[in-house]
Amino acid sequence: MVGRAGFQRIGANLLRNQSGSSTGLTWQGWRKCISTSRNSKSTQDPIENKSSTQPPLTQPLPGLPTPVYATLKDQHHITQVTTLKNGLQVASENRFGQFCTVGVVIDSGSRYEVAYPSGISHFLEKLAFNSTTEFPDKDKIMLELEKHGGICDCQSSRDTFIYASSADRRGMDSVVRVLGEVILRPQISLKELAGARQALSFELENLYMRPEQETILMDMIHAAAYRDNTLGLPKICPEANVLTIDRSVLFTYLKHHYTPRRMVVAGVGVEHNALVESVQKYFVDMKPIWEEDTDLVIPTLSMKVDDSVAQYTGGMVQEECTIPLHAGMSGLPELAHVVIGLEGFSHQDHDFIPICVLNMMMGGGGSFSAGGPGKGMYTRLYTNVLNRHHWMFSATAYNHAYLDSGLFCIHASAPPAHVNEMVEVLVKELVNMAGVLGEPELQRAKRQLQSMLLMNLEARPVVFEDIARQVLATGHRKRPEHFIKAIEDVTAEDIHRVARQLLKSQPSIAARGDIHKLPSMADIQAGLLNHEGKLPGSRGRLSLFR
């Protein structure tokens with residue numbers, strides 16, 4: 001090893017032998033030069049011992065504006081509702097924050113398409129935020145929103161259609177202007193229509209090439225539960241209708257369903273009076289495009305909006321096909337999918353809260369879901385199904401609630417060889433809902449539902465949707481405290497009553513994949529009526545060697 005003296009000798013030799021040097025420094029001279037420069041620096045820099053030139057943290061930084069801190073005010077938790085002269089409702093909550101969310105929820109969706117080609121709502125999703133009377137193309141709309149840091153979105157469900165945007169609250173008027181144009185004055189040019197058809201064709205092709213089947217199965221279970229009426233009409237545009245839906249059909253639908261009395265304009269983080277003023281300007285004073293140009297719509301004498309009540313029928317919809325496999329080296333086998341549904345409750349029914357608790361109690365998920373607090377690893381479909389039957393790849397409970405009906409169902413998947421056993425397991429779990437219910441299990445489901453409700457309402461867009469949907473359905477909004485208390489008041493007897501009511505209904509079955517071992521509807525009905533949930537011909541306890 002080379003010691004300190006050795007390094008000094010090496011340095012001295014390098015300096016001595018360096019050719020072309022104009023300084024002629026020796027080792028001693030070089031050390032003296034360094035020492036001199038250090039001394040001169042210390043005399044010129046009086047703050048050498050300070051760690052930073054910034055002022056201390058005890059003093060505010062100069063030149064910065066005075067901060068505005070969040071405050072808890074009662075008016076930030078009051079939902080104000082105003083009904084304009086044309087019947088349009090405006091609702092808002094003025095919450096603290098720099099950004100706001102403003103949107104429109106419309107009483108529209110696939111359930112109202114009985115007199116039209118199915119798939120109109122799906123089409124309108126693809127056509128949203130395109131050219132309008134004042135904005136020549138989509139780019140101009142995006143530029144208008146980007147001035148205020150805004151984003152926009154549009155989505156449809158079976159019974160509602162939502163247009164929304166989040167932006168700086170100082171740009172609220174511009175956001176309402178964009179929404180008014182997009183909803184009431186769209187151009188729907190032939191180029192945009194062709195683009196929407198291409199997007200729909202690609203989406204349908206992609207949908208049937210994916211191993212995930214939830215979207216398709218939800219359409220199928222609704223078709224089985226509400227055969228040929230309202231909620232049973234397809235949400236996904238049928239492939240045959242992609243080319244048949246044209247501008248006149250779309251404008252005719254818009255004219256009859258996008259009316260003021262079927263709309264709620266809601267805002268979160270805005271001044272209510274300012275929102276009302278903007279809505280009056282862009283939704284009332286300015287007319288819809290179909291009123292300005294009547295040639296856009298199909299002339300009809302007595303076209304009315306379908307206001308029929310959803311009729312639950314029950315039944316079976318099945319499709320024998322090959323489900324695509326997961327890409328890559330996942331090792332997952334081909335799966336068959338089955339959904340068993342029962343008639344539930346509307347969101348206005350007094351048993352709506354108990355069935356939500358029941359849904360949380362059933363829970364479920366996939367066999368490869370990561371666990372953790374609140375993930376539902378102690379729900380029944382995990383502990384009784386996924387953890388006990390290695391061939392079950394997923395089992396999840398769903399509760400769909402609408403204004404006039406509801407659908408409670410369980411979706412499960414397994415290899416085709418286990419379809420019969422999978423149905424037996426699901427039927428048994430449905431029957432056991434009316435059985436023994438321990439207090440810890442009930443309390444866990446209630447706490448999980450309460451925490452989910454409150455955590456979701458921390459997001460401003462979720463609050464907007466909650467306000468708009470409640471005002472659209474009832475004309476006012478119930479506070480979260482109302483639902484927290486209602487959840488807390490649910491008892492085991494409430495769960496048993498709801499479960500018994502569910503089991504009285506005709507079952508709905510949706511199945512897709514290699515389902516040649518699917519039990520008949522009669523066998524599933526008999527199993528649901530059996531107090532142990534056994535299907536006819538069942539061999540009782542399942543064996544690993546079957």
# chains A, B, ... in the order shown; residues from 1 in each chain; ligands from 1

$ residues_around --residues "A:Ala274" --least-positions-apart "5" --cutoff "12 Å" --atoms "only C-alpha atoms" --output "ChimeraX atom specification"
/A:82,90-92,94,169-174,176,267,269,279-281

$ write_last_selection --atoms "N, CA and C atoms" --output "short mmCIF file (atom, residue, chain, number, x, y, z; two decimals), in the first residue's frame"
data_model
loop_
_atom_site.label_atom_id
_atom_site.label_comp_id
_atom_site.auth_asym_id
_atom_site.auth_seq_id
_atom_site.Cartn_x
_atom_site.Cartn_y
_atom_site.Cartn_z
N THR A 82 -81.88 24.76 -7.02
CA THR A 82 -82.74 25.76 -7.65
C THR A 82 -83.36 25.15 -8.90
N VAL A 90 -80.75 22.91 -10.76
CA VAL A 90 -79.35 23.25 -10.56
C VAL A 90 -79.03 23.01 -9.09
N ALA A 91 -78.02 22.19 -8.81
CA ALA A 91 -77.65 21.84 -7.44
C ALA A 91 -76.16 22.05 -7.26
N SER A 92 -75.75 22.47 -6.06
CA SER A 92 -74.33 22.72 -5.84
C SER A 92 -73.99 22.67 -4.36
N ASN A 94 -70.65 24.45 -2.17
CA ASN A 94 -69.48 25.32 -2.32
C ASN A 94 -68.39 24.87 -1.37
N ARG A 169 -61.78 26.79 -10.50
CA ARG A 169 -63.11 27.34 -10.23
C ARG A 169 -63.33 28.70 -10.89
N ARG A 170 -62.24 29.42 -11.21
CA ARG A 170 -62.38 30.70 -11.90
C ARG A 170 -62.83 30.52 -13.34
N GLY A 171 -62.74 29.29 -13.86
CA GLY A 171 -63.21 29.02 -15.22
C GLY A 171 -64.54 28.33 -15.26
N MET A 172 -65.32 28.42 -14.18
CA MET A 172 -66.61 27.73 -14.10
C MET A 172 -67.54 28.13 -15.24
N ASP A 173 -67.60 29.40 -15.58
CA ASP A 173 -68.51 29.85 -16.64
C ASP A 173 -68.13 29.22 -17.98
N SER A 174 -66.84 29.11 -18.25
CA SER A 174 -66.40 28.47 -19.50
C SER A 174 -66.77 26.99 -19.52
N VAL A 176 -69.36 25.57 -17.99
CA VAL A 176 -70.80 25.47 -18.22
C VAL A 176 -71.12 25.77 -19.67
N GLY A 267 -72.78 21.13 -9.37
CA GLY A 267 -71.41 21.62 -9.23
C GLY A 267 -70.92 21.46 -7.80
N GLY A 269 -67.76 22.91 -5.34
CA GLY A 269 -66.69 23.89 -5.28
C GLY A 269 -67.00 25.15 -6.06
N VAL A 279 -75.87 28.64 -15.95
CA VAL A 279 -76.81 27.65 -16.50
C VAL A 279 -77.96 28.35 -17.22
N GLN A 280 -78.46 29.42 -16.64
CA GLN A 280 -79.53 30.19 -17.29
C GLN A 280 -79.07 30.70 -18.66
N LYS A 281 -77.81 31.12 -18.74
CA LYS A 281 -77.28 31.71 -19.96
C LYS A 281 -77.11 30.67 -21.06
#

$ residues_around --residues "A:Leu453" --least-positions-apart "3" --cutoff "9 Å" --atoms "only C-alpha atoms" --output "list in words"
Gln448, Leu449, Gln450, Asn456, Leu457, Pro480, Phe483 and Ile484 of chain A

$ closest_residue --among "A:Ile467, A:Met360, A:Val338, A:Val427" --to "A:Glu214" --atoms "only C-alpha atoms"
A:Val338

$ select_by_dssp --residues "stretch 281-467 of chain A" --states "helix (DSSP H, G or I)" --output "ChimeraX atom specification"
/A:281-284,289-292,294-296,352-362,380-386,416-432,439-456,460-467

$ residues_around --residues "stretch 237-253 of chain A" --least-positions-apart "4" --cutoff "6 Å" --atoms "only C-alpha atoms" --output "list of chain:residue names"
A:Gly119, A:His122, A:Leu296, A:Val297, A:Ile298

$ select_by_dssp --residues "stretch 365-499 of chain A" --states "strand (DSSP E)" --output "JSON, numbers by chain"
{"A": [365, 366, 394, 395, 396, 397, 398, 399, 400, 401, 406, 407, 408, 409, 410, 411, 412, 413, 414]}

$ residues_around --residues "A:Thr101" --least-positions-apart "4" --cutoff "9 Å" --atoms "only C-alpha atoms" --output "list in words"
Ala164, Ser165, Ser166, Ala167, Asp168, Arg169, Met172, Ala266, Gly267, Val268, Gly269, Val270, Arg460, Pro461 and Phe464 of chain A

$ residues_around --residues "A:Asp137" --least-positions-apart "2" --cutoff "12 Å" --atoms "only C-alpha atoms" --output "list in words"
Leu127, Ala128, Phe129, Asn130, Ser131, Thr132, Thr133, Glu134, Phe135, Asp139, Lys140, Ile141, Met142, Leu143, Glu144, Glu181, Val182, Pro186, Gln187, Ile188, Ser189, Lys191 and Glu192 of chain A

$ write_last_selection --atoms "N, CA and C atoms" --output "mmCIF file, in the first residue's frame"
data_model
loop_
_atom_site.group_PDB
_atom_site.id
_atom_site.type_symbol
_atom_site.label_atom_id
_atom_site.label_comp_id
_atom_site.auth_asym_id
_atom_site.auth_seq_id
_atom_site.Cartn_x
_atom_site.Cartn_y
_atom_site.Cartn_z
ATOM 1 N N LEU A 127 -69.438 10.084 -29.211
ATOM 2 C CA LEU A 127 -69.601 11.360 -29.910
ATOM 3 C C LEU A 127 -69.506 12.568 -28.985
ATOM 4 N N ALA A 128 -69.353 12.333 -27.686
ATOM 5 C CA ALA A 128 -69.353 13.438 -26.724
ATOM 6 C C ALA A 128 -68.121 14.326 -26.895
ATOM 7 N N PHE A 129 -68.290 15.630 -26.628
ATOM 8 C CA PHE A 129 -67.229 16.632 -26.675
ATOM 9 C C PHE A 129 -66.591 16.722 -28.059
ATOM 10 N N ASN A 130 -67.440 16.647 -29.083
ATOM 11 C CA ASN A 130 -67.009 16.901 -30.454
ATOM 12 C C ASN A 130 -67.526 18.270 -30.886
ATOM 13 N N SER A 131 -67.584 18.514 -32.185
ATOM 14 C CA SER A 131 -67.942 19.842 -32.694
ATOM 15 C C SER A 131 -69.347 20.248 -32.283
ATOM 16 N N THR A 132 -69.509 21.554 -32.042
ATOM 17 C CA THR A 132 -70.810 22.119 -31.657
ATOM 18 C C THR A 132 -71.052 23.378 -32.472
ATOM 19 N N THR A 133 -72.117 24.083 -32.154
ATOM 20 C CA THR A 133 -72.441 25.309 -32.867
ATOM 21 C C THR A 133 -71.331 26.348 -32.724
ATOM 22 N N GLU A 134 -70.753 26.476 -31.527
ATOM 23 C CA GLU A 134 -69.737 27.502 -31.268
ATOM 24 C C GLU A 134 -68.306 26.972 -31.356
ATOM 25 N N PHE A 135 -68.123 25.666 -31.219
ATOM 26 C CA PHE A 135 -66.787 25.085 -31.293
ATOM 27 C C PHE A 135 -66.695 24.211 -32.542
ATOM 28 N N ASP A 139 -60.780 19.884 -30.826
ATOM 29 C CA ASP A 139 -59.578 20.559 -30.343
ATOM 30 C C ASP A 139 -59.903 21.905 -29.709
ATOM 31 N N LYS A 140 -60.848 22.626 -30.283
ATOM 32 C CA LYS A 140 -61.208 23.935 -29.730
ATOM 33 C C LYS A 140 -61.837 23.775 -28.344
ATOM 34 N N ILE A 141 -62.604 22.711 -28.137
ATOM 35 C CA ILE A 141 -63.184 22.455 -26.818
ATOM 36 C C ILE A 141 -62.080 22.146 -25.815
ATOM 37 N N MET A 142 -61.133 21.315 -26.222
ATOM 38 C CA MET A 142 -60.034 20.973 -25.325
ATOM 39 C C MET A 142 -59.196 22.202 -24.983
ATOM 40 N N LEU A 143 -58.956 23.069 -25.957
ATOM 41 C CA LEU A 143 -58.198 24.295 -25.704
ATOM 42 C C LEU A 143 -58.938 25.201 -24.724
ATOM 43 N N GLU A 144 -60.254 25.291 -24.867
ATOM 44 C CA GLU A 144 -61.046 26.124 -23.959
ATOM 45 C C GLU A 144 -60.946 25.604 -22.525
ATOM 46 N N GLU A 181 -72.975 23.565 -24.840
ATOM 47 C CA GLU A 181 -72.763 23.328 -26.261
ATOM 48 C C GLU A 181 -72.749 21.836 -26.582
ATOM 49 N N VAL A 182 -72.018 21.065 -25.791
ATOM 50 C CA VAL A 182 -71.857 19.637 -26.054
ATOM 51 C C VAL A 182 -73.182 18.888 -25.932
ATOM 52 N N PRO A 186 -74.788 19.873 -30.300
ATOM 53 C CA PRO A 186 -73.745 19.126 -31.024
ATOM 54 C C PRO A 186 -74.009 19.123 -32.529
ATOM 55 N N GLN A 187 -72.945 19.060 -33.313
ATOM 56 C CA GLN A 187 -73.091 19.029 -34.767
ATOM 57 C C GLN A 187 -73.267 17.602 -35.290
ATOM 58 N N ILE A 188 -72.585 16.642 -34.690
ATOM 59 C CA ILE A 188 -72.578 15.241 -35.132
ATOM 60 C C ILE A 188 -72.368 15.194 -36.652
ATOM 61 N N SER A 189 -71.198 15.611 -37.064
ATOM 62 C CA SER A 189 -70.887 15.617 -38.493
ATOM 63 C C SER A 189 -70.723 14.187 -39.006
ATOM 64 N N LYS A 191 -68.231 13.007 -40.562
ATOM 65 C CA LYS A 191 -66.878 12.550 -40.233
ATOM 66 C C LYS A 191 -66.830 12.026 -38.799
ATOM 67 N N GLU A 192 -67.459 12.747 -37.881
ATOM 68 C CA GLU A 192 -67.489 12.309 -36.482
ATOM 69 C C GLU A 192 -68.291 11.026 -36.322
#

$ residues_around --residues "A:Glu493" --least-positions-apart "6" --cutoff "12 Å" --atoms "only C-alpha atoms" --output "mmCIF file with all heavy atoms, in the first residue's frame"
data_model
loop_
_atom_site.group_PDB
_atom_site.id
_atom_site.type_symbol
_atom_site.label_atom_id
_atom_site.label_comp_id
_atom_site.auth_asym_id
_atom_site.auth_seq_id
_atom_site.Cartn_x
_atom_site.Cartn_y
_atom_site.Cartn_z
ATOM 1 N N ASP A 351 -85.550 -1.249 2.105
ATOM 2 C CA ASP A 351 -84.576 -2.320 2.299
ATOM 3 C C ASP A 351 -83.322 -2.142 1.457
ATOM 4 O O ASP A 351 -82.506 -3.075 1.340
ATOM 5 C CB ASP A 351 -85.217 -3.678 1.971
ATOM 6 C CG ASP A 351 -86.067 -4.206 3.121
ATOM 7 O OD1 ASP A 351 -85.748 -3.892 4.287
ATOM 8 O OD2 ASP A 351 -87.054 -4.912 2.850
ATOM 9 N N PRO A 354 -80.146 -2.376 3.906
ATOM 10 C CA PRO A 354 -79.818 -3.754 4.310
ATOM 11 C C PRO A 354 -79.241 -4.608 3.182
ATOM 12 O O PRO A 354 -78.325 -5.404 3.424
ATOM 13 C CB PRO A 354 -81.174 -4.298 4.786
ATOM 14 C CG PRO A 354 -81.908 -3.107 5.277
ATOM 15 C CD PRO A 354 -81.503 -1.998 4.351
ATOM 16 N N ILE A 355 -79.742 -4.452 1.959
ATOM 17 C CA ILE A 355 -79.195 -5.282 0.876
ATOM 18 C C ILE A 355 -77.782 -4.825 0.503
ATOM 19 O O ILE A 355 -76.959 -5.634 0.055
ATOM 20 C CB ILE A 355 -80.125 -5.278 -0.365
ATOM 21 C CG1 ILE A 355 -79.795 -6.481 -1.257
ATOM 22 C CG2 ILE A 355 -80.015 -3.989 -1.153
ATOM 23 C CD1 ILE A 355 -80.739 -6.662 -2.415
ATOM 24 N N LEU A 358 -75.719 -6.603 3.004
ATOM 25 C CA LEU A 358 -75.639 -8.001 2.596
ATOM 26 C C LEU A 358 -74.625 -8.185 1.465
ATOM 27 O O LEU A 358 -73.858 -9.159 1.441
ATOM 28 C CB LEU A 358 -77.015 -8.499 2.164
ATOM 29 C CG LEU A 358 -77.088 -9.925 1.587
ATOM 30 C CD1 LEU A 358 -76.637 -10.950 2.618
ATOM 31 C CD2 LEU A 358 -78.501 -10.236 1.114
ATOM 32 N N MET A 433 -77.490 -17.228 2.819
ATOM 33 C CA MET A 433 -77.651 -15.822 3.201
ATOM 34 C C MET A 433 -78.747 -15.660 4.250
ATOM 35 O O MET A 433 -78.700 -14.747 5.080
ATOM 36 C CB MET A 433 -77.985 -14.964 1.974
ATOM 37 C CG MET A 433 -76.878 -14.842 0.955
ATOM 38 S SD MET A 433 -77.216 -13.618 -0.338
ATOM 39 C CE MET A 433 -78.820 -14.138 -0.957
ATOM 40 N N ALA A 434 -79.749 -16.542 4.202
ATOM 41 C CA ALA A 434 -80.858 -16.471 5.161
ATOM 42 C C ALA A 434 -80.592 -17.315 6.398
ATOM 43 O O ALA A 434 -81.478 -17.476 7.247
ATOM 44 C CB ALA A 434 -82.154 -16.934 4.490
ATOM 45 N N GLY A 435 -79.387 -17.854 6.535
ATOM 46 C CA GLY A 435 -79.052 -18.710 7.664
ATOM 47 C C GLY A 435 -78.422 -17.939 8.804
ATOM 48 O O GLY A 435 -78.688 -16.753 9.037
ATOM 49 N N VAL A 436 -77.544 -18.624 9.519
ATOM 50 C CA VAL A 436 -76.920 -18.059 10.722
ATOM 51 C C VAL A 436 -76.019 -16.882 10.342
ATOM 52 O O VAL A 436 -75.243 -16.952 9.390
ATOM 53 C CB VAL A 436 -76.106 -19.145 11.464
ATOM 54 C CG1 VAL A 436 -75.406 -18.546 12.679
ATOM 55 C CG2 VAL A 436 -77.008 -20.300 11.869
ATOM 56 N N LEU A 437 -76.139 -15.809 11.109
ATOM 57 C CA LEU A 437 -75.333 -14.610 10.881
ATOM 58 C C LEU A 437 -74.750 -14.164 12.214
ATOM 59 O O LEU A 437 -75.483 -13.757 13.126
ATOM 60 C CB LEU A 437 -76.174 -13.485 10.263
ATOM 61 C CG LEU A 437 -75.492 -12.118 10.125
ATOM 62 C CD1 LEU A 437 -74.255 -12.226 9.254
ATOM 63 C CD2 LEU A 437 -76.470 -11.092 9.557
ATOM 64 N N GLY A 438 -73.439 -14.254 12.360
ATOM 65 C CA GLY A 438 -72.783 -13.850 13.597
ATOM 66 C C GLY A 438 -72.652 -12.343 13.703
ATOM 67 O O GLY A 438 -72.566 -11.632 12.699
ATOM 68 N N GLU A 439 -72.616 -11.840 14.924
ATOM 69 C CA GLU A 439 -72.506 -10.402 15.149
ATOM 70 C C GLU A 439 -71.190 -9.830 14.615
ATOM 71 O O GLU A 439 -71.203 -8.751 14.004
ATOM 72 C CB GLU A 439 -72.651 -10.105 16.644
ATOM 73 C CG GLU A 439 -72.709 -8.622 16.980
ATOM 74 C CD GLU A 439 -73.924 -7.917 16.388
ATOM 75 O OE1 GLU A 439 -74.920 -8.611 16.059
ATOM 76 O OE2 GLU A 439 -73.873 -6.689 16.231
ATOM 77 N N LEU A 442 -71.550 -9.347 10.874
ATOM 78 C CA LEU A 442 -72.445 -8.234 10.552
ATOM 79 C C LEU A 442 -71.742 -6.900 10.784
ATOM 80 O O LEU A 442 -71.810 -5.994 9.940
ATOM 81 C CB LEU A 442 -73.722 -8.331 11.383
ATOM 82 C CG LEU A 442 -74.710 -7.172 11.239
ATOM 83 C CD1 LEU A 442 -75.217 -7.067 9.804
ATOM 84 C CD2 LEU A 442 -75.885 -7.344 12.202
ATOM 85 N N ALA A 499 -82.770 -11.406 2.661
ATOM 86 C CA ALA A 499 -82.327 -12.643 2.011
ATOM 87 C C ALA A 499 -83.513 -13.537 1.672
ATOM 88 O O ALA A 499 -83.564 -14.132 0.580
ATOM 89 C CB ALA A 499 -81.345 -13.374 2.925
ATOM 90 N N ARG A 500 -84.470 -13.642 2.579
ATOM 91 C CA ARG A 500 -85.654 -14.468 2.299
ATOM 92 C C ARG A 500 -86.460 -13.906 1.138
ATOM 93 O O ARG A 500 -86.983 -14.657 0.300
ATOM 94 C CB ARG A 500 -86.533 -14.564 3.558
ATOM 95 C CG ARG A 500 -85.936 -15.415 4.668
ATOM 96 C CD ARG A 500 -86.969 -15.712 5.743
ATOM 97 N NE ARG A 500 -87.413 -14.495 6.414
ATOM 98 C CZ ARG A 500 -86.877 -14.022 7.542
ATOM 99 N NH1 ARG A 500 -85.864 -14.653 8.118
ATOM 100 N NH2 ARG A 500 -87.341 -12.915 8.092
#

$ atom_distance --atom1 "atom CA of A:His389" --atom2 "atom CA of A:Glu343"
27.2 Å

$ atom_distance --atom1 "atom CA of A:Asp285" --atom2 "atom CA of A:Arg185"
12.8 Å

$ closest_residue --among "A:Gln89, A:Thr383, A:Thr322, A:Asn229" --to "A:Val265" --atoms "only C-alpha atoms"
A:Gln89
